[in-house]
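Colleague: Sharing a structure here in structure tokens format.
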2 protein chains.
Amino acid sequence: MNKRTSLKDIAGAVGVSITLVSYVLNNKKENRINKAVAQKIREVAKALNYQPNQIAKSLKTNKTRTLGLIVADIANPFSASLARIIEDEADRQQYTVLFGSSDEKAQKGQKLIDTFLNRQVDGLLIAATEGMEPQIADLQQRGIPFVLIDRYFPHLRTSYVALNNYQAIYTAVQHLIDSGYRRIGMVTFNSSLFHISERARGYQSALNDNNIPFQKRWLKEVRVDNLIGDVAKAFRELRTGQQPVEAIVFTSNSLSLLGLKQIRLLDIRVPQELAVVGFDETEAYDLFYAPLTFIQQPLQAMGQLATKVLLETLATPGQITQANLDATLVIQASTKPHYLPSPELFL
Amino acid sequence: MNKRTSLKDIAGAVGVSITLVSYVLNNKKENRINKAVAQKIREVAKALNYQPNQIAKSLKTNKTRTLGLIVADIANPFSASLARIIEDEADRQQYTVLFGSSDEKAQKGQKLIDTFLNRQVDGLLIAATEGMEPQIADLQQRGIPFVLIDRYFPHLRTSYVALNNYQAIYTAVQHLIDSGYRRIGMVTFNSSLFHISERARGYQSALNDNNIPFQKRWLKEVRVDNLIGDVAKAFRELRTGQQPVEAIVFTSNSLSLLGLKQIRLLDIRVPQELAVVGFDETEAYDLFYAPLTFIQQPLQAMGQLATKVLLETLATPGQITQANLDATLVIQASTKPHYLPSPELFL
DNA sequence: CTGAAAGCGCTTACAG
DNA sequence: CTGAAAGCGCTTACAG
């Protein structure tokens with residue numbers, strides 16, 4: 001690679017000091033600098049195609065204008081969409097984003113944090129995994145700017161932007177009950193993370209508030225590392241026995257996808273035989289024969305707000321912002337009222 | 001943020017020079033260094049939780065161990081999956097990845113290139129867009145290490161790792177013809193990029209080699225910036241008139257998804273009324289009622305090879321590697337032979 | 001076996 | 001209005 005032009009090169013060419021070149025190109029002390037000289041410097045800089053070396057700049061200023069983004073898996077549409085929103089918001093303020101996938105492993109998460117900090121990122125956006133609580137507490141204690149995204153730890157007083165998971169699920173279950181469904185199952189993750197337990201809590205509260213006794217066998221918790229098998233098994237169990245469930249709520253896009261696949265394979269009629277509520281908006285739902293009722297996360301708001309909060313924290317260290325954003329329940333045919341004869345029957 | 005510990009801090013604590021600390025922690029000149037001193041330095045470094053400042057290191061060594069990845073849109077599953085593979089391969093060699101989305105705009109692509117180069121990335125992985133040819137030529141001429149991925153410019157002698165698009169489509173169309181279909185349509189992008197024109201060429205060659213006269217109205221080119229409307233329109237046109245097509249090949253995951261959505265909305269029976277070949281593997285296809293025949297890209301190989309080629313280029317500048325990887329046609333029910341009565345009829 | 005010194009490309013307080 | 005100088009945290013050729 002040809003040598004890049006440096007401030008020194010420009011200074012030499014114009015016959016001034018490096019200092020002056022730096023001031024001019026950074027638009028500092030404009031009022032005190034000779035206009036003609038400034039003009040000349042700008043011209044030469046352009047002619048030599050000067051591009052500042054951000055590394056050198058960073059070493060001096062201690063700012064890299066780089067953010068570190070840690071997601072569970074960038075290949076997951078949820079993470080990828082979020083990444084895109086964050087990229088755009090960061091770019092708007094001339095920040096660039098390093099990314100890494102933790103695969104839901106605390107150890108990989110820690111490694112990414114270390115790597116990013118060694119690269120002097122100005123701040124971190126972290127979708128935390130199970131077991132990362134001590135690491136997050138450590139970041140907090142060290143005064144490193146970060147914002148948790150999508151998941152957070154209720155016992156830690158840190159900034160975060162997350163979904164109001166309790167409300168999201170409660171609303172969905174209430175909607176099912178209002179539509180005449182009583183035996184309502186839920187497929188969720190086997191995880192101690194707060195956002196997951198909140199979903200279970202929302203589910204149970206909704207049942208409870210409607211005087212429907214919660215049945216343990218209605219709540220299926222699957223393992224992330226055996227998703228396909230566990231969802232299939234959970235689905236079978238929910239649909240068999242004396243009293244199969246009449247409706248199922250899935251609590252992530254991947255769970256919804258796998259659940260719908262089961263429905264298709266078993267040729268179950270939705271909503272006549274089973275009502276379904278999915279999670280997240282996905283193009284994939286468009287291919288399912290029944291338009292799906294789903295819990296829509298405010299992705300755009302979540303990504304933008306998290307980025308904004310982080311950038312504000314960089315400007316004003318120490319301030320803590322916590323946001324639980326509400327989900328929207330998009331109601332479609334997959335949860336049509338149970339007690340009404342299906343319109344299809346009249347065709 | 002508390003001050004990080006530097007080499008100086010360690011040197012001070014141990015009572016040796018910064019030089020020595022640097023040598024020890026980088027495992028250099030091991031044989032000439034006093035074991036006891038080295039031991040002590042390591043202990044203190046650990047006690048003070050020393051983490052090297054990569055920025056300072058980079059300024060000196062001119063290596064950042066960072067790669068810049070430019071995709072069309074990180075939110076697209078194809079880009080996101082590729083990003084994940086690249087991340088893993090880069091991580092294996094202690095590289096970190098900066099990413100950015102060009103939105104298929106040459107200008108955004110150029111901006112990303114500049115930003116990444118200013119941040120002194122060691123190399124670039126670029127999914128080029130229409131109009132980026134001069135920019136790529138410029139990179140090449142400046143001796144900047146990069147590898148094009150997924151797309152390349154045939155007139156430029158640069159490293160690239162791409163799909164053999166001609167073969168991919170040819171194979172799919174040949175398969176349709178072998179299965180008894182004659183009137184075969186294709187929905188592709190309206191783009192001058194080589195990988196797109198190669199798809200059209202593969203399509204036409206396959207028809208030609210089988211003595212099926214190519215019909216202009218069979219080849220639909222849609223605009224990226226009006227995808228939904230254009231695909232719907234293209235689909236309608238392919239299915240109407242005197243001689244509607246009997247089969248359609250879609251040439252991207254997004255086009256396939258939109259096409260399948262049309263099929264679902266219009267309640268077309270696949271493959272009885274229309275055979276379909278999709279592009280890329282997507283979980284979404286699992287929700288479509290008919291298992292889909294699709295063109296499978298060797299994503300893993302593509303991402304890994306591209307990253308490896310780039311890292312090799314960093315070690316041995318100037319060498320050029322070009323790879324066209326073959327796609328695999330995964331044959332399923334959506335292209336069942338036309339001339340056989342559908343098994344369904346016997347049920 | 002060890003360390004003083006130069007230098008990577010910038011920024012900026014200070015002096016003139 | 002302008003510039004010499006220090007320094008960010010490292011690496012490494014060189015001297016001893």
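We name chains A, B, ... following the order of the structure tokens; residues begin at 1 in each chain, and ligands are numbered from 1 as shown.
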Output chain A as a CSV table (one decimal) with C-alpha atoms, in the first residue's frame, after least-squares fitting it to chain B on all in-order C-alpha pairs.

Modeller:
chain,number,residue,atom,x,y,z
A,1,MET,CA,-13.4,5.3,33.4
A,2,ASN,CA,-10.5,4.5,35.7
A,3,LYS,CA,-7.2,4.8,34.1
A,4,ARG,CA,-6.1,1.6,32.4
A,5,THR,CA,-2.8,0.2,33.4
A,6,SER,CA,0.0,0.7,30.9
A,7,LEU,CA,3.4,-0.8,30.3
A,8,LYS,CA,4.8,2.1,32.2
A,9,ASP,CA,2.8,1.2,35.3
A,10,ILE,CA,4.1,-2.3,35.2
A,11,ALA,CA,7.7,-1.2,34.6
A,12,GLY,CA,7.4,1.2,37.5
A,13,ALA,CA,6.0,-1.4,39.9
A,14,VAL,CA,8.6,-4.0,39.0
A,15,GLY,CA,11.4,-1.6,38.7
A,16,VAL,CA,12.5,-2.4,35.2
A,17,SER,CA,12.3,-0.6,31.8
A,18,ILE,CA,9.2,-0.4,29.6
A,19,THR,CA,11.2,-2.2,27.0
A,20,LEU,CA,11.7,-5.2,29.0
A,21,VAL,CA,8.0,-5.4,30.0
A,22,SER,CA,7.1,-5.1,26.3
A,23,TYR,CA,9.4,-7.9,25.4
A,24,VAL,CA,8.2,-10.2,28.1
A,25,LEU,CA,4.5,-9.6,27.6
A,26,ASN,CA,4.9,-10.2,23.8
A,27,ASN,CA,7.1,-13.2,24.3
A,28,LYS,CA,10.0,-11.8,22.4
A,29,LYS,CA,13.6,-12.5,23.0
A,30,GLU,CA,12.6,-15.0,25.6
A,31,ASN,CA,15.9,-16.8,25.6
A,32,ARG,CA,17.8,-13.7,26.7
A,33,ILE,CA,15.6,-12.6,29.5
A,34,ASN,CA,16.1,-13.4,33.1
A,35,LYS,CA,13.5,-15.9,34.0
A,36,ALA,CA,12.9,-14.5,37.5
A,37,VAL,CA,12.4,-11.0,36.1
A,38,ALA,CA,10.1,-12.2,33.4
A,39,GLN,CA,8.1,-14.1,36.0
A,40,LYS,CA,7.8,-11.1,38.2
A,41,ILE,CA,6.6,-8.9,35.2
A,42,ARG,CA,4.0,-11.4,34.3
A,43,GLU,CA,2.7,-11.5,37.9
A,44,VAL,CA,2.4,-7.8,38.2
A,45,ALA,CA,0.8,-7.5,34.8
A,46,LYS,CA,-1.8,-10.0,35.9
A,47,ALA,CA,-2.3,-8.3,39.3
A,48,LEU,CA,-2.8,-4.9,37.6
A,49,ASN,CA,-5.1,-6.6,35.0
A,50,TYR,CA,-3.0,-5.3,32.2
A,51,GLN,CA,-4.7,-5.1,28.8
A,52,PRO,CA,-2.6,-3.8,25.9
A,53,ASN,CA,-3.8,-0.7,24.2
A,54,GLN,CA,-4.4,-1.9,20.7
A,55,ILE,CA,-4.6,1.7,19.4
A,56,ALA,CA,-1.1,2.4,20.5
A,57,LYS,CA,0.1,-0.9,19.3
A,58,SER,CA,-1.5,-0.2,15.9
A,59,LEU,CA,0.0,3.2,15.5
A,60,LYS,CA,3.4,1.7,15.9
A,61,THR,CA,3.0,-1.5,13.9
A,62,ASN,CA,0.6,-0.3,11.3
A,63,LYS,CA,-1.6,-3.3,11.9
A,64,THR,CA,-5.0,-3.1,13.5
A,65,ARG,CA,-6.1,-6.7,13.3
A,66,THR,CA,-9.4,-5.3,12.1
A,67,LEU,CA,-11.2,-6.1,8.9
A,68,GLY,CA,-13.9,-4.0,7.3
A,69,LEU,CA,-16.9,-5.8,5.9
A,70,ILE,CA,-19.2,-4.0,3.5
A,71,VAL,CA,-22.4,-5.7,2.7
A,72,ALA,CA,-25.6,-4.5,0.9
A,73,ASP,CA,-27.6,-4.7,4.1
A,74,ILE,CA,-26.7,-6.4,7.3
A,75,ALA,CA,-30.4,-6.9,8.0
A,76,ASN,CA,-30.7,-9.2,5.0
A,77,PRO,CA,-30.3,-12.8,6.1
A,78,PHE,CA,-27.8,-13.5,3.3
A,79,SER,CA,-25.6,-10.7,4.5
A,80,ALA,CA,-26.1,-11.5,8.1
A,81,SER,CA,-25.2,-15.2,7.7
A,82,LEU,CA,-22.2,-14.3,5.7
A,83,ALA,CA,-21.2,-11.8,8.4
A,84,ARG,CA,-21.4,-14.4,11.0
A,85,ILE,CA,-19.2,-16.9,9.1
A,86,ILE,CA,-16.7,-14.1,8.5
A,87,GLU,CA,-16.8,-13.1,12.1
A,88,ASP,CA,-15.9,-16.6,13.2
A,89,GLU,CA,-13.2,-17.1,10.7
A,90,ALA,CA,-11.7,-13.7,11.5
A,91,ASP,CA,-11.9,-14.4,15.2
A,92,ARG,CA,-10.0,-17.6,14.8
A,93,GLN,CA,-7.0,-15.5,13.8
A,94,GLN,CA,-7.7,-12.8,16.3
A,95,TYR,CA,-9.2,-10.3,13.9
A,96,THR,CA,-12.2,-8.2,14.7
A,97,VAL,CA,-14.7,-7.0,12.1
A,98,LEU,CA,-16.2,-3.5,11.4
A,99,PHE,CA,-19.3,-3.7,9.3
A,100,GLY,CA,-21.4,-1.3,7.2
A,101,SER,CA,-24.3,-1.5,4.8
A,102,SER,CA,-24.1,0.1,1.4
A,103,ASP,CA,-27.8,-0.2,0.6
A,104,GLU,CA,-26.7,-1.0,-2.9
A,105,LYS,CA,-25.5,2.5,-3.3
A,106,ALA,CA,-22.0,3.2,-4.7
A,107,GLN,CA,-21.7,6.4,-2.8
A,108,LYS,CA,-22.5,4.8,0.5
A,109,GLY,CA,-20.0,2.1,-0.4
A,110,GLN,CA,-17.3,4.6,-1.0
A,111,LYS,CA,-18.0,6.4,2.2
A,112,LEU,CA,-17.7,3.1,4.1
A,113,ILE,CA,-14.4,2.3,2.3
A,114,ASP,CA,-13.0,5.7,3.3
A,115,THR,CA,-14.2,5.4,6.9
A,116,PHE,CA,-12.7,2.0,7.3
A,117,LEU,CA,-9.4,2.9,5.7
A,118,ASN,CA,-9.1,6.0,8.0
A,119,ARG,CA,-9.6,3.5,10.8
A,120,GLN,CA,-6.6,1.6,9.3
A,121,VAL,CA,-8.4,-1.7,8.8
A,122,ASP,CA,-5.9,-4.2,7.6
A,123,GLY,CA,-8.1,-5.3,4.8
A,124,LEU,CA,-11.6,-5.1,3.3
A,125,LEU,CA,-14.3,-7.7,2.4
A,126,ILE,CA,-16.7,-6.0,-0.1
A,127,ALA,CA,-20.0,-7.1,-1.6
A,128,ALA,CA,-19.8,-4.5,-4.3
A,129,THR,CA,-22.7,-2.6,-5.7
A,130,GLU,CA,-23.6,-1.3,-9.1
A,131,GLY,CA,-21.3,1.6,-10.0
A,132,MET,CA,-18.5,0.7,-7.6
A,133,GLU,CA,-16.2,-0.6,-10.3
A,134,PRO,CA,-14.1,2.6,-10.4
A,135,GLN,CA,-13.8,2.6,-6.6
A,136,ILE,CA,-12.6,-1.1,-6.6
A,137,ALA,CA,-10.2,-0.3,-9.4
A,138,ASP,CA,-8.8,2.5,-7.3
A,139,LEU,CA,-8.4,0.3,-4.3
A,140,GLN,CA,-6.5,-2.2,-6.4
A,141,GLN,CA,-4.3,0.4,-7.9
A,142,ARG,CA,-3.5,1.8,-4.4
A,143,GLY,CA,-2.5,-1.7,-3.3
A,144,ILE,CA,-5.0,-1.9,-0.5
A,145,PRO,CA,-5.7,-5.5,0.5
A,146,PHE,CA,-9.3,-6.5,-0.2
A,147,VAL,CA,-11.4,-9.4,-1.4
A,148,LEU,CA,-14.7,-9.0,-3.3
A,149,ILE,CA,-17.4,-11.3,-2.0
A,150,ASP,CA,-20.5,-12.5,-3.8
A,151,ARG,CA,-20.1,-10.0,-6.6
A,152,TYR,CA,-17.1,-9.1,-8.7
A,153,PHE,CA,-16.2,-7.2,-11.9
A,154,PRO,CA,-14.9,-9.5,-14.7
A,155,HIS,CA,-12.9,-6.7,-16.2
A,156,LEU,CA,-10.9,-6.1,-13.0
A,157,ARG,CA,-8.2,-8.5,-12.0
A,158,THR,CA,-8.9,-8.6,-8.3
A,159,SER,CA,-9.3,-11.3,-5.7
A,160,TYR,CA,-12.9,-12.5,-5.3
A,161,VAL,CA,-14.9,-15.3,-3.9
A,162,ALA,CA,-18.3,-15.6,-5.6
A,163,LEU,CA,-21.0,-18.0,-6.7
A,164,ASN,CA,-20.8,-19.6,-10.1
A,165,ASN,CA,-24.1,-17.9,-11.0
A,166,TYR,CA,-24.2,-19.2,-14.5
A,167,GLN,CA,-23.9,-22.8,-13.4
A,168,ALA,CA,-26.4,-22.3,-10.5
A,169,ILE,CA,-29.2,-21.1,-12.8
A,170,TYR,CA,-28.3,-23.3,-15.7
A,171,THR,CA,-28.6,-26.4,-13.4
A,172,ALA,CA,-32.0,-25.2,-12.0
A,173,VAL,CA,-33.5,-24.5,-15.5
A,174,GLN,CA,-32.1,-27.8,-16.9
A,175,HIS,CA,-33.7,-29.6,-13.9
A,176,LEU,CA,-37.1,-28.0,-14.7
A,177,ILE,CA,-36.8,-29.0,-18.4
A,178,ASP,CA,-35.8,-32.5,-17.4
A,179,SER,CA,-38.9,-32.6,-15.3
A,180,GLY,CA,-41.1,-31.8,-18.2
A,181,TYR,CA,-41.5,-28.0,-17.9
A,182,ARG,CA,-41.1,-25.9,-21.1
A,183,ARG,CA,-42.5,-22.5,-20.4
A,184,ILE,CA,-40.1,-21.4,-17.7
A,185,GLY,CA,-40.0,-17.9,-16.3
A,186,MET,CA,-37.4,-16.2,-14.2
A,187,VAL,CA,-37.7,-13.2,-11.8
A,188,THR,CA,-34.4,-11.5,-11.3
A,189,PHE,CA,-33.0,-8.0,-10.6
A,190,ASN,CA,-32.7,-5.2,-13.0
A,191,SER,CA,-29.0,-4.7,-12.5
A,192,SER,CA,-25.9,-4.5,-14.7
A,193,LEU,CA,-23.9,-6.3,-12.0
A,194,PHE,CA,-22.1,-9.3,-13.4
A,195,HIS,CA,-23.5,-11.9,-11.0
A,196,ILE,CA,-27.0,-10.8,-12.2
A,197,SER,CA,-26.2,-10.9,-15.9
A,198,GLU,CA,-24.6,-14.3,-15.4
A,199,ARG,CA,-27.9,-15.6,-14.0
A,200,ALA,CA,-29.7,-14.4,-17.1
A,201,ARG,CA,-27.1,-16.0,-19.2
A,202,GLY,CA,-27.4,-19.3,-17.5
A,203,TYR,CA,-31.1,-19.2,-17.9
A,204,GLN,CA,-31.0,-18.4,-21.6
A,205,SER,CA,-28.3,-20.9,-22.3
A,206,ALA,CA,-30.2,-23.7,-20.7
A,207,LEU,CA,-33.3,-22.9,-22.7
A,208,ASN,CA,-31.2,-22.6,-25.8
A,209,ASP,CA,-29.4,-25.9,-25.3
A,210,ASN,CA,-32.8,-27.6,-25.0
A,211,ASN,CA,-34.2,-26.0,-28.1
A,212,ILE,CA,-36.7,-23.9,-26.2
A,213,PRO,CA,-36.9,-20.5,-27.8
A,214,PHE,CA,-36.4,-17.8,-25.2
A,215,GLN,CA,-39.4,-15.5,-24.8
A,216,LYS,CA,-38.6,-12.0,-23.6
A,217,ARG,CA,-41.8,-11.9,-21.5
A,218,TRP,CA,-40.5,-14.8,-19.4
A,219,LEU,CA,-37.6,-12.9,-18.0
A,220,LYS,CA,-38.7,-10.3,-15.5
A,221,GLU,CA,-36.3,-7.8,-14.1
A,222,VAL,CA,-37.4,-6.0,-10.9
A,223,ARG,CA,-36.1,-2.9,-9.3
A,224,VAL,CA,-34.4,-3.2,-5.9
A,225,ASP,CA,-36.0,0.0,-4.8
A,226,ASN,CA,-39.5,-1.2,-5.7
A,227,LEU,CA,-39.2,-4.8,-4.9
A,228,ILE,CA,-42.7,-5.6,-3.5
A,229,GLY,CA,-44.6,-3.9,-6.3
A,230,ASP,CA,-42.4,-5.1,-9.1
A,231,VAL,CA,-42.5,-8.7,-8.0
A,232,ALA,CA,-46.2,-8.7,-7.7
A,233,LYS,CA,-46.5,-7.2,-11.2
A,234,ALA,CA,-44.0,-9.6,-12.7
A,235,PHE,CA,-45.7,-12.5,-11.1
A,236,ARG,CA,-49.1,-11.5,-12.5
A,237,GLU,CA,-47.7,-11.0,-16.0
A,238,LEU,CA,-45.9,-14.4,-15.9
A,239,ARG,CA,-49.2,-16.1,-15.0
A,240,THR,CA,-51.5,-14.4,-17.4
A,241,GLY,CA,-52.0,-14.3,-21.1
A,242,GLN,CA,-52.4,-17.1,-23.6
A,243,GLN,CA,-49.4,-19.1,-22.4
A,244,PRO,CA,-48.6,-18.5,-18.8
A,245,VAL,CA,-45.4,-20.0,-17.6
A,246,GLU,CA,-45.4,-23.4,-16.0
A,247,ALA,CA,-42.4,-22.8,-13.8
A,248,ILE,CA,-40.6,-19.9,-12.2
A,249,VAL,CA,-37.0,-19.5,-11.0
A,250,PHE,CA,-36.4,-16.8,-8.4
A,251,THR,CA,-32.9,-15.5,-8.2
A,252,SER,CA,-32.6,-14.3,-4.6
A,253,ASN,CA,-34.0,-15.0,-1.2
A,254,SER,CA,-36.0,-11.8,-1.1
A,255,LEU,CA,-37.4,-12.5,-4.6
A,256,SER,CA,-38.3,-16.0,-3.6
A,257,LEU,CA,-40.0,-14.9,-0.5
A,258,LEU,CA,-42.1,-12.3,-2.3
A,259,GLY,CA,-42.9,-14.8,-5.1
A,260,LEU,CA,-44.1,-17.4,-2.6
A,261,LYS,CA,-46.2,-14.8,-1.0
A,262,GLN,CA,-47.9,-14.1,-4.3
A,263,ILE,CA,-48.5,-17.8,-4.8
A,264,ARG,CA,-50.1,-18.1,-1.4
A,265,LEU,CA,-52.2,-15.0,-1.9
A,266,LEU,CA,-53.4,-16.3,-5.3
A,267,ASP,CA,-53.9,-19.8,-4.0
A,268,ILE,CA,-51.8,-21.4,-6.7
A,269,ARG,CA,-51.1,-25.1,-6.4
A,270,VAL,CA,-47.4,-25.9,-6.4
A,271,PRO,CA,-46.2,-27.8,-8.3
A,272,GLN,CA,-49.5,-28.8,-10.1
A,273,GLU,CA,-50.2,-25.4,-11.4
A,274,LEU,CA,-46.7,-23.9,-11.1
A,275,ALA,CA,-43.3,-25.3,-10.4
A,276,VAL,CA,-41.0,-23.1,-8.3
A,277,VAL,CA,-37.3,-22.9,-7.7
A,278,GLY,CA,-36.1,-20.6,-4.9
A,279,PHE,CA,-32.8,-19.1,-4.1
A,280,ASP,CA,-30.8,-19.5,-0.9
A,281,GLU,CA,-31.8,-21.6,2.0
A,282,THR,CA,-34.1,-19.8,4.4
A,283,GLU,CA,-36.0,-21.0,7.5
A,284,ALA,CA,-39.0,-19.2,5.9
A,285,TYR,CA,-39.3,-21.8,3.2
A,286,ASP,CA,-40.3,-24.3,5.9
A,287,LEU,CA,-43.6,-22.4,6.4
A,288,PHE,CA,-44.6,-22.8,2.7
A,289,TYR,CA,-46.9,-25.6,2.2
A,290,ALA,CA,-44.8,-27.3,-0.5
A,291,PRO,CA,-41.2,-28.2,0.2
A,292,LEU,CA,-39.3,-26.0,-2.0
A,293,THR,CA,-36.6,-26.8,-4.6
A,294,PHE,CA,-33.9,-24.2,-4.2
A,295,ILE,CA,-30.5,-23.2,-5.2
A,296,GLN,CA,-28.2,-23.6,-2.2
A,297,GLN,CA,-25.2,-21.3,-2.0
A,298,PRO,CA,-22.2,-22.6,-0.3
A,299,LEU,CA,-22.3,-19.8,2.3
A,300,GLN,CA,-20.0,-21.3,4.7
A,301,ALA,CA,-17.3,-22.0,2.1
A,302,MET,CA,-17.8,-18.5,0.6
A,303,GLY,CA,-17.4,-16.7,3.9
A,304,GLN,CA,-14.5,-18.8,5.1
A,305,LEU,CA,-12.6,-18.7,1.8
A,306,ALA,CA,-13.0,-15.0,1.4
A,307,THR,CA,-11.7,-14.4,4.9
A,308,LYS,CA,-8.8,-16.8,4.4
A,309,VAL,CA,-7.9,-15.3,1.1
A,310,LEU,CA,-7.9,-11.8,2.6
A,311,LEU,CA,-5.8,-12.9,5.6
A,312,GLU,CA,-3.4,-14.6,3.2
A,313,THR,CA,-3.2,-11.4,1.1
A,314,LEU,CA,-2.2,-9.6,4.3
A,315,ALA,CA,0.7,-12.0,4.8
A,316,THR,CA,1.7,-12.2,1.1
A,317,PRO,CA,0.6,-8.9,-0.6
A,318,GLY,CA,-0.1,-8.9,-4.3
A,319,GLN,CA,-1.3,-12.4,-4.8
A,320,ILE,CA,-4.7,-12.7,-6.4
A,321,THR,CA,-7.1,-15.4,-5.8
A,322,GLN,CA,-10.4,-15.8,-7.7
A,323,ALA,CA,-12.9,-18.4,-6.8
A,324,ASN,CA,-16.3,-19.2,-8.3
A,325,LEU,CA,-18.0,-21.7,-6.1
A,326,ASP,CA,-20.7,-24.1,-7.4
A,327,ALA,CA,-24.2,-24.0,-6.1
A,328,THR,CA,-26.2,-27.1,-5.2
A,329,LEU,CA,-29.7,-27.6,-6.4
A,330,VAL,CA,-31.7,-29.1,-3.6
A,331,ILE,CA,-34.6,-30.8,-5.3
A,332,GLN,CA,-37.9,-31.1,-3.5
A,333,ALA,CA,-41.6,-31.3,-4.2
A,334,SER,CA,-42.0,-27.8,-5.7
A,335,THR,CA,-40.6,-29.0,-9.0
A,336,LYS,CA,-42.1,-32.5,-9.2
A,337,PRO,CA,-42.1,-33.9,-12.7
A,338,HIS,CA,-44.8,-32.3,-14.8
A,339,TYR,CA,-45.6,-35.2,-17.1
A,340,LEU,CA,-46.4,-37.5,-14.2
A,341,PRO,CA,-49.8,-37.4,-12.5
A,342,SER,CA,-49.3,-35.9,-9.1
A,343,PRO,CA,-49.3,-38.5,-6.3
A,344,GLU,CA,-51.8,-36.3,-4.5
A,345,LEU,CA,-54.4,-37.3,-7.1
A,346,PHE,CA,-54.3,-40.9,-5.9
A,347,LEU,CA,-54.9,-40.2,-2.3

Colleague: Taking the backbone alone, and naming residues the way the document does, which bits of stretch 25-239 of chain A are strand (DSSP E) by DSSP, as a ChimeraX atom specification?

Modeller: /A:66-71,96-101,123-126,146-150,160-163,184-189,219-222

Colleague: Any idea what's packed within 12 Å of D:DG16, counting only C-alpha atoms (C1' of nucleotides), ignoring anything in its chain fewer than 5 positions away? Could you give it as JSON, numbers by chain?

Modeller: {"C": [1, 2, 3, 4]}

Colleague: Restricted to C-alpha atoms (C1' of nucleotides), what would the selected residues look like written as a compact mmCIF listing (two decimals), in the first residue's frame?

Modeller:
# COMPACT_ATOMS: atom_id res chain seq x y z
C1' DC C 1 20.57 -9.89 30.04
C1' DT C 2 18.78 -4.80 30.09
C1' DG C 3 17.48 0.05 28.93
C1' DA C 4 17.68 4.77 26.68

Colleague: Got a sec: who's within 10 Å of D:DA13, counting only C-alpha atoms (C1' of nucleotides), leaving out chain neighbours fewer than 2 positions off, as a ChimeraX atom specification?

Modeller: /C:6 /D:11,15

Colleague: May I ask you to extract the residues of chain D within 8 Å of chain B, using only C-alpha atoms (C1' of nucleotides), and to give them as an mmCIF file with C-alpha atoms (C1' of nucleotides), in the first residue's frame?

Modeller:
data_model
loop_
_atom_site.group_PDB
_atom_site.id
_atom_site.type_symbol
_atom_site.label_atom_id
_atom_site.label_comp_id
_atom_site.auth_asym_id
_atom_site.auth_seq_id
_atom_site.Cartn_x
_atom_site.Cartn_y
_atom_site.Cartn_z
ATOM 1 C "C1'" DC D 8 -0.785 9.601 23.888
ATOM 2 C "C1'" DG D 9 1.123 3.943 24.737
ATOM 3 C "C1'" DC D 10 3.278 1.221 22.417
ATOM 4 C "C1'" DT D 11 7.614 -1.353 19.481
#

Colleague: Return as an MDAnalysis selection string the full set of residues in stretch 15-87 of chain B whose backbone-based DSSP assignment is alpha helix (DSSP H).

Modeller: chainID B and resid 18:25 35:47 54:61 77:87
